[in-house]
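**Q** Just one file: data_19.txt, with compact mmCIF, C-alpha atoms.
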```txt
# COMPACT_ATOMS: atom_id res chain seq x y z
CA MET A 228 115.34 107.75 112.07
CA THR A 229 112.59 106.33 109.86
CA LYS A 230 112.77 102.75 108.73
CA PRO A 231 113.51 102.07 105.06
CA LYS A 232 110.82 100.60 102.86
CA ILE A 233 113.01 97.75 101.60
CA SER A 234 116.22 96.05 102.73
CA VAL A 235 118.61 94.71 100.09
CA ILE A 236 120.49 91.75 101.59
CA ILE A 237 123.74 90.69 99.92
CA PRO A 238 125.64 87.62 101.21
CA LEU A 239 129.32 88.17 100.48
CA TYR A 240 132.15 85.70 100.04
CA ASN A 241 135.29 86.20 97.93
CA ALA A 242 133.59 88.32 95.29
CA GLU A 243 136.11 91.11 94.86
CA ARG A 244 135.74 90.85 91.07
CA PHE A 245 132.02 91.59 91.06
CA ILE A 246 130.80 93.13 94.33
CA ARG A 247 131.53 96.65 93.10
CA GLN A 248 129.24 96.23 90.08
CA CYS A 249 126.61 94.65 92.33
CA LEU A 250 126.61 97.64 94.69
CA ILE A 251 126.70 100.19 91.88
CA SER A 252 123.55 98.60 90.45
CA VAL A 253 121.81 99.25 93.79
CA LEU A 254 123.11 102.84 93.83
CA ALA A 255 121.54 103.31 90.39
CA SER A 256 118.10 102.42 91.74
CA LYS A 257 115.39 104.94 90.94
CA PHE A 258 113.71 104.02 94.22
CA GLN A 259 115.80 105.45 97.05
CA ASP A 260 114.00 104.40 100.24
CA TYR A 261 116.21 101.38 100.89
CA GLU A 262 119.02 100.06 103.03
CA VAL A 263 121.76 97.65 101.98
CA ILE A 264 122.98 94.92 104.33
CA VAL A 265 126.16 93.18 103.21
CA VAL A 266 126.90 90.08 105.27
CA ASP A 267 130.49 88.95 104.81
CA ASP A 268 130.97 85.21 105.32
CA CYS A 269 134.66 85.56 106.33
CA SER A 270 136.02 86.41 102.89
CA THR A 271 139.72 85.77 102.34
CA ASP A 272 140.15 88.24 99.46
CA ASN A 273 139.58 92.01 99.17
CA SER A 274 135.78 91.83 98.99
CA VAL A 275 135.19 93.84 102.16
CA ALA A 276 137.69 96.49 101.09
CA GLU A 277 135.74 96.92 97.85
CA VAL A 278 132.53 97.38 99.81
CA LEU A 279 134.15 99.95 102.10
CA LYS A 280 135.26 102.00 99.09
CA LEU A 281 131.65 102.42 97.99
CA ALA A 282 130.07 102.72 101.45
CA PRO A 283 130.28 106.58 101.59
CA HIS A 284 128.12 106.82 98.46
CA PHE A 285 125.21 105.20 100.29
CA ASP A 286 124.88 108.07 102.80
CA GLY A 287 124.64 105.78 105.82
CA ARG A 288 122.26 103.31 104.19
CA LEU A 289 124.82 100.49 103.96
CA LYS A 290 125.72 98.13 106.80
CA ILE A 291 128.55 95.61 106.72
CA LEU A 292 128.06 92.62 109.01
CA GLN A 293 130.24 89.55 109.40
CA THR A 294 129.64 85.95 110.38
CA GLU A 295 131.83 84.49 113.14
CA THR A 296 133.06 81.64 110.95
CA ASN A 297 132.68 80.78 107.30
CA SER A 298 129.37 78.97 106.83
CA GLY A 299 130.06 77.63 103.34
CA SER A 300 126.81 78.82 101.76
CA PRO A 301 124.67 81.97 101.41
CA GLY A 302 121.96 80.65 103.75
CA LEU A 303 123.36 81.72 107.11
CA PRO A 304 124.40 85.20 105.87
CA ARG A 305 120.90 85.72 104.45
CA ASN A 306 119.35 84.72 107.79
CA PHE A 307 121.70 87.12 109.57
CA GLY A 308 120.71 89.84 107.14
CA ILE A 309 116.98 89.29 107.70
CA LYS A 310 117.37 89.52 111.49
CA ASN A 311 119.38 92.73 111.23
CA SER A 312 117.23 94.39 108.58
CA SER A 313 114.63 97.06 109.31
CA GLY A 314 112.79 97.39 106.01
CA GLU A 315 109.13 96.51 105.56
CA TYR A 316 110.30 94.30 102.71
CA VAL A 317 113.52 92.39 101.99
CA THR A 318 115.06 91.23 98.74
CA PHE A 319 118.19 89.14 98.15
CA VAL A 320 120.92 89.87 95.63
CA ASP A 321 123.85 87.48 95.15
CA ASN A 322 127.25 89.14 95.37
CA ASP A 323 128.08 88.57 91.71
CA ASP A 324 124.65 89.62 90.38
CA MET A 325 122.96 92.97 89.82
CA ILE A 326 119.53 94.56 89.91
CA LEU A 327 117.95 96.89 87.37
CA PRO A 328 117.24 100.54 88.27
CA THR A 329 113.48 99.88 88.35
CA ALA A 330 113.64 96.67 90.42
CA LEU A 331 113.16 98.02 93.95
CA GLY A 332 110.43 100.42 92.87
CA ASN A 333 108.49 97.66 91.11
CA PHE A 334 108.84 95.33 94.10
CA VAL A 335 107.59 97.89 96.62
CA THR A 336 104.85 99.40 94.43
CA PHE A 337 103.19 96.09 93.63
CA ALA A 338 103.73 94.60 97.09
CA ASP A 339 101.85 97.58 98.55
CA MET A 340 99.20 97.55 95.86
CA TYR A 341 98.34 93.85 96.31
CA ALA A 342 99.21 93.49 100.01
CA ALA A 343 101.58 90.75 98.87
CA ASP A 344 103.70 88.60 101.16
CA VAL A 345 105.85 87.61 98.18
CA VAL A 346 106.40 89.42 94.87
CA TYR A 347 107.93 87.27 92.19
CA SER A 348 109.61 88.57 89.02
CA GLU A 349 109.13 86.16 86.16
CA LYS A 350 111.93 87.36 83.88
CA TYR A 351 115.59 88.13 84.40
CA PHE A 352 118.73 88.79 82.39
CA VAL A 353 121.76 86.51 82.21
CA LEU A 354 125.25 87.95 81.79
CA ASP A 355 128.27 85.83 80.90
CA GLU A 356 131.01 85.87 83.51
CA ASP A 357 133.64 87.97 81.75
CA LYS A 358 131.42 90.33 79.76
CA PRO A 359 130.75 93.93 80.84
CA PRO A 360 127.22 94.76 82.03
CA THR A 361 126.01 96.45 78.87
CA ALA A 362 122.62 96.00 77.23
CA GLU A 363 123.96 94.06 74.25
CA ASN A 364 125.42 91.43 76.60
CA PHE A 365 122.19 90.79 78.50
CA LYS A 366 120.25 87.67 77.51
CA ILE A 367 116.62 87.37 78.57
CA ALA A 368 115.67 84.32 80.62
CA TYR A 369 112.45 83.15 82.23
CA ALA A 370 111.75 81.82 85.69
CA ALA A 371 109.42 79.27 84.11
CA THR A 372 108.71 78.66 80.42
CA PRO A 373 107.66 81.81 78.51
CA GLU A 374 104.13 80.48 77.96
CA ASP A 375 103.66 80.20 81.73
CA THR A 376 104.39 83.86 82.41
CA PHE A 377 101.85 86.66 82.81
CA ASP A 378 101.46 89.95 80.92
CA THR A 379 100.11 91.83 83.94
CA PRO A 380 100.62 91.55 87.73
CA THR A 381 98.78 88.37 88.72
CA LEU A 382 98.06 86.86 92.12
CA GLU A 383 98.73 83.17 92.49
CA SER A 384 95.66 81.12 93.40
CA SER A 385 94.90 80.99 97.13
CA ASP A 386 94.02 77.30 96.66
CA LEU A 387 97.01 75.39 98.02
CA ARG A 388 96.21 72.38 95.85
CA GLU A 389 96.55 74.58 92.76
CA ARG A 390 99.82 76.08 94.00
CA ILE A 391 101.22 72.60 94.63
CA ARG A 392 100.11 71.46 91.19
CA ARG A 393 101.92 74.37 89.57
CA ASP A 394 104.97 73.84 91.74
CA THR A 395 105.27 70.16 90.83
CA GLU A 396 104.90 71.15 87.16
CA GLN A 397 107.90 73.48 87.64
CA LYS A 398 106.00 76.71 87.09
CA PHE A 399 107.97 78.47 89.84
CA PHE A 400 111.56 79.58 90.18
CA VAL A 401 113.01 77.94 93.30
CA LEU A 402 115.72 80.53 93.94
CA PRO A 403 115.43 83.34 96.51
CA TRP A 404 116.58 86.22 94.31
CA GLY A 405 114.23 87.90 91.84
CA LYS A 406 111.68 88.14 94.64
CA CYS A 407 110.60 90.57 97.35
CA TYR A 408 109.33 89.36 100.74
CA ARG A 409 107.38 91.08 103.47
CA ARG A 410 109.83 90.92 106.36
CA ASP A 411 107.18 90.25 109.02
CA PHE A 412 105.82 87.39 106.90
CA LEU A 413 109.21 85.65 107.06
CA LEU A 414 109.73 86.32 110.78
CA ASP A 415 106.19 85.49 111.92
CA ASN A 416 106.29 82.15 110.10
CA GLY A 417 109.86 81.27 111.04
CA ILE A 418 110.89 81.00 107.39
CA ASP A 419 114.67 80.91 107.09
CA PHE A 420 117.43 79.11 105.24
CA PRO A 421 118.72 75.77 106.57
CA GLN A 422 122.47 75.55 107.08
CA MET A 423 123.78 73.29 104.32
CA ALA A 424 126.38 73.27 101.56
CA TYR A 425 123.90 74.10 98.80
CA ALA A 426 120.22 73.83 97.78
CA GLU A 427 119.28 75.76 100.94
CA ASP A 428 116.84 77.74 98.84
CA LEU A 429 114.52 74.84 97.95
CA THR A 430 112.75 74.54 101.29
CA PHE A 431 112.81 78.33 101.83
CA CYS A 432 110.94 78.92 98.56
CA PHE A 433 108.57 76.00 99.16
CA LYS A 434 107.56 77.35 102.57
CA CYS A 435 106.97 80.81 101.10
CA LEU A 436 104.77 79.34 98.37
CA CYS A 437 102.65 77.43 100.89
CA LEU A 438 102.36 80.14 103.55
CA ALA A 439 102.02 83.38 101.58
CA LYS A 440 98.47 84.73 101.69
CA ASN A 441 99.09 86.83 98.58
CA TYR A 442 101.78 85.54 96.21
CA LEU A 443 102.14 87.96 93.33
CA HIS A 444 103.74 87.45 89.90
CA ILE A 445 104.91 90.58 88.09
CA PRO A 446 105.93 90.65 84.41
CA HIS A 447 108.80 93.06 85.05
CA THR A 448 112.48 92.18 84.74
CA THR A 449 114.30 92.96 87.98
CA ASN A 450 117.59 91.04 88.21
CA VAL A 451 120.73 90.33 86.22
CA ARG A 452 122.15 86.89 86.91
CA ARG A 453 125.85 86.56 86.21
CA ASP A 454 126.87 83.12 84.94
CA VAL A 455 129.97 82.57 87.08
CA SER A 456 131.81 79.27 86.74
CA ARG A 457 133.15 79.40 90.31
CA SER A 458 129.84 79.86 92.10
CA VAL A 459 129.13 77.78 95.22
CA SER A 460 126.94 75.31 93.35
CA LYS A 461 129.24 74.84 90.36
CA GLY A 462 132.26 74.41 92.58
CA PHE A 463 130.54 71.93 94.83
CA VAL A 464 132.00 68.62 93.59
CA ARG A 465 135.61 67.71 94.47
CA THR A 466 135.58 64.01 93.61
CA THR A 467 132.74 61.76 92.56
CA ALA A 468 132.49 59.91 95.89
CA GLU A 469 132.89 63.01 98.03
CA GLY A 470 130.43 64.98 95.91
CA VAL A 471 127.73 62.31 96.06
CA ARG A 472 128.11 61.98 99.83
CA ARG A 473 127.84 65.72 100.42
CA TRP A 474 124.94 66.01 98.00
CA LEU A 475 123.11 63.12 99.64
CA LYS A 476 123.45 64.74 103.07
CA VAL A 477 121.78 67.87 101.70
CA PHE A 478 119.16 65.74 99.95
CA CYS A 479 118.18 63.89 103.15
CA THR A 480 118.06 67.07 105.23
CA ASN A 481 115.84 68.88 102.74
CA MET A 482 113.41 65.96 102.53
CA ARG A 483 113.15 65.79 106.33
CA ILE A 484 112.46 69.54 106.48
CA ILE A 485 109.71 69.18 103.86
CA ASP A 486 108.23 66.25 105.78
CA GLU A 487 108.20 68.12 109.08
CA PHE A 488 106.76 71.24 107.45
CA THR A 489 103.95 69.46 105.57
CA SER A 490 103.05 67.38 108.64
CA LYS A 491 101.86 70.58 110.36
CA PHE A 492 99.31 71.35 107.64
CA ASP A 493 95.78 69.97 107.91
CA PHE A 494 95.61 70.26 104.12
CA PHE A 495 98.48 67.84 103.56
CA ASN A 496 97.28 65.45 106.26
CA GLN A 497 93.85 65.39 104.62
CA ASN A 498 95.34 65.08 101.14
CA PRO A 499 98.10 62.44 101.38
CA ALA A 500 98.27 62.05 97.59
CA CYS A 501 99.12 65.74 97.25
CA ARG A 502 101.74 65.39 99.96
CA GLN A 503 103.24 62.42 98.11
CA ASP A 504 103.33 64.51 94.94
CA VAL A 505 105.41 67.07 96.83
CA PHE A 506 107.86 64.42 98.03
CA ASN A 507 108.19 62.89 94.58
CA HIS A 508 108.69 66.28 92.98
CA TYR A 509 111.49 67.32 95.32
CA VAL A 510 113.18 63.94 94.97
CA ASP A 511 113.21 64.61 91.22
CA VAL A 512 114.48 68.17 91.75
CA HIS A 513 117.43 66.86 93.75
CA PHE A 514 118.21 64.29 91.06
CA ASP A 515 118.17 67.07 88.48
CA ILE A 516 120.71 68.94 90.59
CA LEU A 517 122.79 65.77 90.80
CA ASN A 518 122.81 65.46 87.01
CA ASP A 519 123.96 69.08 86.69
CA LEU A 520 126.74 68.61 89.23
CA PHE A 521 128.19 65.40 87.86
CA ILE A 522 128.43 66.13 84.16
CA GLY A 523 131.16 63.89 82.75
CA CYS A 524 130.96 61.27 85.52
CA ALA A 525 129.86 57.74 84.67
CA PRO A 526 126.15 57.40 85.66
CA HIS A 527 126.62 53.85 86.97
CA GLU A 528 129.43 55.02 89.24
CA VAL A 529 127.34 57.82 90.73
CA THR A 530 124.34 55.52 91.14
CA GLU A 531 126.43 52.88 92.91
CA ILE A 532 127.86 55.40 95.38
CA PHE A 533 124.41 56.91 95.90
CA PHE A 534 122.72 53.64 96.86
CA ASP A 535 125.69 52.56 98.97
CA GLU A 536 125.54 55.84 100.88
CA LEU A 537 121.80 55.47 101.48
CA GLN A 538 122.80 52.68 103.86
CA ASN A 539 125.04 55.05 105.82
CA PRO A 540 123.68 55.23 109.42
CA ALA A 541 125.17 58.71 109.83
CA LEU A 542 122.70 60.15 107.31
CA ASP A 543 119.54 61.93 108.39
CA SER A 544 117.30 58.92 108.97
CA GLY A 545 114.01 60.73 108.43
CA GLY A 546 115.06 62.19 105.10
CA LYS A 547 116.72 58.95 104.01
CA ASN A 548 113.54 56.97 104.64
CA LEU A 549 111.46 59.49 102.70
CA ILE A 550 113.80 59.30 99.72
CA ALA A 551 113.68 55.49 99.72
CA ALA A 552 109.87 55.51 100.00
CA SER A 553 109.52 58.03 97.20
CA LEU A 554 111.83 56.09 94.90
CA PHE A 555 109.95 52.87 95.66
CA THR A 556 106.58 54.54 94.99
CA GLN A 557 107.71 56.07 91.70
CA ARG A 558 109.18 52.77 90.53
CA ALA A 559 105.98 50.90 91.47
CA LEU A 560 103.82 53.44 89.60
CA ARG A 561 105.89 53.04 86.43
CA ARG A 562 105.15 49.27 86.25
```
Before anything else, please render the file you have as structure tokens.
**A**
Amino acid sequence: MTKPKISVIIPLYNAERFIRQCLISVLASKFQDYEVIVVDDCSTDNSVAEVLKLAPHFDGRLKILQTETNSGSPGLPRNFGIKNSSGEYVTFVDNDDMILPTALGNFVTFADMYAADVVYSEKYFVLDEDKPPTAENFKIAYAATPEDTFDTPTLESSDLRERIRRDTEQKFFVLPWGKCYRRDFLLDNGIDFPQMAYAEDLTFCFKCLCLAKNYLHIPHTTNVRRDVSRSVSKGFVRTTAEGVRRWLKVFCTNMRIIDEFTSKFDFFNQNPACRQDVFNHYVDVHFDILNDLFIGCAPHEVTEIFFDELQNPALDSGGKNLIAASLFTQRALRR
């Protein structure tokens, strides 16, 4: 049996409302040399049953895998999917999202044409949670600002300093969907998702940006992002104190991962200012996430819990120290 050109990896958890539409969008693909790997993260609803109903329509190209225990985020299921995939390329689709009929073909065509390790779609559609997936309900959105997009397929600069500059200026979309990855590129470089409650995609995308020999932007729209109010990220906060503590644990872990990753690069060791720019940028990114999560909470209350928790000895010490150093540096530079 020949290997498929691309593997579509779908992490699944309690998505019985939307997984059918997600899978039907893959079935509608004009490019047919694919496999679908659905990794169920121990769903407690009828999600798997919905997948099984559609499985016969894929003519053996759909696998259903299951994690041993619920991991609490899409990271571990995606890793499981990568390891069990056989395509030359992989792409990720969230279980409540969809892809356009031309998406897989565009990914594969341009990845082959440019020998790309990563192909990055710069536009996508947004669909409100309860609206049907019809053209009039799709709203166009951009991975960066519209003026930073390209009209033709464009390779990102091979100069890492330039890539870092663009990254710190938020010219890239730090989410794993809307992209296509050469599978061997991920495996050979050990690029995977850390196990954490959320924001597992930040370090994954950062590693890809730094390590990809050819990082290609395409002007084509590939994905439909459904705006679901009960997604993992939007349902993250239970109470202010609990939410800050869980968020800070993720924050510290991500910063330690970035520190360990950049320490292995001669470029970053020879350019400490650039490395500091990376730290400062991802500290700011995490604070932006915090602001999104705690809408309606008193800022002084969140800040007080945050700085109290930074003293918690149970936190990742490496990441905690980096956060403190970055905050100190940014405050000193503002004086």
**Q** Need to verify the contact set: stretch 228-232 of chain A, 7 Å, all atoms listed in the file, exclusion of same-chain residues closer than 6 positions in sequence. Can you return it as number ranges by chain?
**A** A: 260-262, 313-316
**Q** Please report the interatomic distance between atom CA of A:Cys407 and atom CA of A:Glu349 in Å with one decimal.
**A**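 Atom CA of A:Glu349 lies at a distance of 12.1 Å from atom CA of A:Cys407.
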**Q** Which residue is closest to A:Thr449? Choose from A:Asn241, A:Ser553, A:Phe319, A:Gly405 and count all atoms listed in the file.
**A**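 Ranking A:Asn241, A:Ser553, A:Phe319, A:Gly405 by distance to A:Thr449, first place goes to A:Gly405.
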**Q** Work out how far apart atom CA of A:Val320 and atom CA of A:Val471 are and give it in Å to one decimal.
**A**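 These atoms are spaced 28.4 Å apart.
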**Q** For A:Lys366, which of A:Leu537, A:Ala426, A:Val265, A:Val451 is the closest residue, counting all atoms listed in the file?
**A**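 Closest candidate: A:Val451.
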**Q** For the atom pair atom CA of A:Leu254 and atom CA of A:Ala330, what is the interatomic distance in Å to one decimal place?
**A** 11.8 Å
**Q** I'd like to know which of A:Ala541, A:Val235, A:Leu414, A:Ile532 is closest to A:Glu469, using all atoms listed in the file.
**A**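 Using all atoms listed in the file, A:Glu469 sits closest to A:Ile532.
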**Q** Taking all atoms listed in the file into account, which of A:Ala371, A:Val253, A:Met340, A:Ala551 comes nearest A:Phe478?
**A**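 Once distances to A:Phe478 are computed over all atoms listed in the file, the minimum belongs to A:Ala551.
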**Q** Hey, what's within 12 Å of A:Leu281 if we count only C-alpha atoms and toss same-chain stuff fewer than 2 positions away? As a PyMOL selection string, please?
**A** chain A and resi 246-254+263+265+274-279+283-291
**Q** Can you write out as CSV which residues of stretch 383-407 of chain A fall within 12 Å of stretch 494-498 of chain A, alongside each residue's closest atom pair and its distance in Å to one decimal, counting all atoms listed in the file and ordering rows by chain and ascending residue number?
**A**
```
residue,atom,partner,partner_atom,distance
A:Asp386,CA,A:Phe494,CA,10.4
A:Leu387,CA,A:Phe494,CA,8.1
A:Arg388,CA,A:Phe494,CA,8.6
A:Ile391,CA,A:Phe495,CA,10.5
```
**Q** Might you pull out every residue within 10 Å of A:Ser270, with only C-alpha atoms counted and same-chain residues fewer than 3 positions away left off, and present them as a list in words?
**A**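 Answer for this query is Leu239, Tyr240, Asn241, Ala242, Glu243, Asp267, Asn273, Ser274, Val275, Gln293, Thr294, Thr296 and Asn297 of chain A.
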**Q** At a cut-off of 10 Å from (108.0, 77.7, 103.0) in the coordinates of the file, what residues are picked up using only C-alpha atoms, written as a list in words?
**A** Leu413, Asn416, Gly417, Ile418, Asp419, Phe420, Asp428, Leu429, Thr430, Phe431, Cys432, Phe433, Lys434, Cys435, Leu436, Cys437, Leu438, Ala439, Ile484, Ile485, Phe488 and Thr489 of chain A
**Q** Smallest atom-to-atom distance to A:Ser256: which of A:Ser490, A:Asn333, A:Asn322, A:Ser312, using only C-alpha atoms?
**A**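 Closest to A:Ser256 of all the choices is A:Asn333.
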**Q** Go through A:Pro380, A:Pro403, A:Gly470, A:Pro304 one by one, measure the shortest atom-to-atom distance of each to A:Ile445 using all atoms listed in the file, and give the residue with the smallest value.
**A**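 Comparing A:Pro380, A:Pro403, A:Gly470, A:Pro304 against A:Ile445, the winner is A:Pro380.
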**Q** Enclose stretch 410-414 of chain A, meaning all of its atoms listed in the file, in a box aligned along x, y and z, pad it by 8 Å on each side, and list the centre and edge lengths in Å to one decimal, as AutoDock Vina command-line options.
**A**
```
--center_x 107.8 --center_y 88.3 --center_z 108.6 --size_x 20.0 --size_y 21.3 --size_z 20.4
```
